[in-house]
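Q: This structure is in structure tokens; I'll ask about it shortly.
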Amino acid sequence: MKTTQEHHSDTRQERRLHWVIWAAAALALLTPLIAMQFTEEVNWDLADFLVFGALLLFFCSAYEIGTRLIGNRVYRLGLGIVLLAAFILIWAELAVGIFGD
């Protein structure tokens with residue numbers, strides 16, 4: 001059984017990880033906007049940003065909720081890997097259509 005000090009340490013680390021995940025999502029959303037200022041090859045419109053933002057919001061929220069329900073760190077890592085893989089597959093399908101015609 002964990003001591004109170006160990007539990008508080010885990011809680012602080014988890015909060016830090018959640019902040020890092022949300023900050024990384026915000027940075028990912030800003031990256032195309034910044035890139036559009038320097039090159040013509042990145043040309044997103046409002047719909048692209050809305051879809052990407054919705055995907056980021058959904059998957060970050062799913063991870064947030066999942067980690068609150070799952071106590072085991074290995075399962076949390078597995079959840080993160082599965083959600084990241086699903087995000088990448090969905091984004092790749094929307095961007096270039098990797099499945100079907």
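Starting from 1 in every chain, residues are counted up; chains themselves are A, B, ... following the order of the structure tokens, and ligands are numbered from 1 as listed.
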Based on DSSP run over this structure's backbone, return all residues of range 17-79 of chain A in alpha helix (DSSP H), as a CSV table (one decimal) with C-alpha atoms, in the first residue's frame.
A:
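Contents of the output file states07.csv:
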chain,number,residue,atom,x,y,z
A,17,LEU,CA,1.8,14.7,-17.5
A,18,HIS,CA,-1.7,15.9,-18.2
A,19,TRP,CA,-0.4,19.5,-18.6
A,20,VAL,CA,2.3,18.3,-21.0
A,21,ILE,CA,-0.2,16.4,-23.1
A,22,TRP,CA,-2.6,19.3,-23.4
A,23,ALA,CA,0.3,21.7,-24.1
A,24,ALA,CA,1.6,19.3,-26.8
A,25,ALA,CA,-1.9,19.2,-28.3
A,26,ALA,CA,-2.0,23.1,-28.4
A,27,LEU,CA,1.4,23.2,-30.0
A,28,ALA,CA,0.4,20.6,-32.6
A,29,LEU,CA,-2.6,22.8,-33.4
A,30,LEU,CA,-0.5,25.9,-33.7
A,31,THR,CA,2.2,24.3,-35.8
A,32,PRO,CA,0.4,24.5,-39.2
A,33,LEU,CA,-0.7,28.0,-38.4
A,34,ILE,CA,3.0,29.0,-37.9
A,35,ALA,CA,4.1,27.0,-40.9
A,36,MET,CA,1.6,28.8,-43.1
A,37,GLN,CA,3.4,32.1,-42.3
A,38,PHE,CA,6.6,30.8,-43.8
A,46,LEU,CA,-10.8,26.9,-41.1
A,47,ALA,CA,-12.3,23.4,-41.6
A,48,ASP,CA,-8.9,21.8,-41.3
A,49,PHE,CA,-8.2,23.5,-38.0
A,50,LEU,CA,-11.6,22.7,-36.7
A,51,VAL,CA,-11.3,19.0,-37.6
A,52,PHE,CA,-7.8,18.7,-36.2
A,53,GLY,CA,-8.8,20.6,-33.0
A,54,ALA,CA,-11.8,18.3,-32.6
A,55,LEU,CA,-9.7,15.2,-33.0
A,56,LEU,CA,-7.1,16.6,-30.5
A,57,LEU,CA,-9.9,17.4,-28.0
A,58,PHE,CA,-11.5,14.0,-28.3
A,59,PHE,CA,-8.3,12.0,-28.0
A,60,CYS,CA,-6.8,14.1,-25.2
A,61,SER,CA,-10.1,14.0,-23.3
A,62,ALA,CA,-10.4,10.2,-23.8
A,63,TYR,CA,-6.9,9.8,-22.4
A,64,GLU,CA,-7.7,12.1,-19.5
A,65,ILE,CA,-10.9,10.1,-18.6
A,66,GLY,CA,-9.2,6.8,-19.2
A,67,THR,CA,-6.3,7.5,-16.9
A,68,ARG,CA,-8.7,8.5,-14.1
A,69,LEU,CA,-10.5,5.2,-14.5
A,73,ARG,CA,0.5,2.5,-15.0
A,74,VAL,CA,1.1,-0.2,-17.6
A,75,TYR,CA,-2.5,-0.1,-18.7
A,76,ARG,CA,-2.4,3.7,-18.8
A,77,LEU,CA,0.6,3.5,-21.1
A,78,GLY,CA,-1.2,1.0,-23.3
A,79,LEU,CA,-4.2,3.3,-23.4
Q: Using Å and a single decimal, report how far CA of Ala85 in chain A sits from CA of Arg12 in chain A.
A: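 Atom-to-atom, CA of Arg12 in chain A to CA of Ala85 in chain A, that is 26.5 Å.
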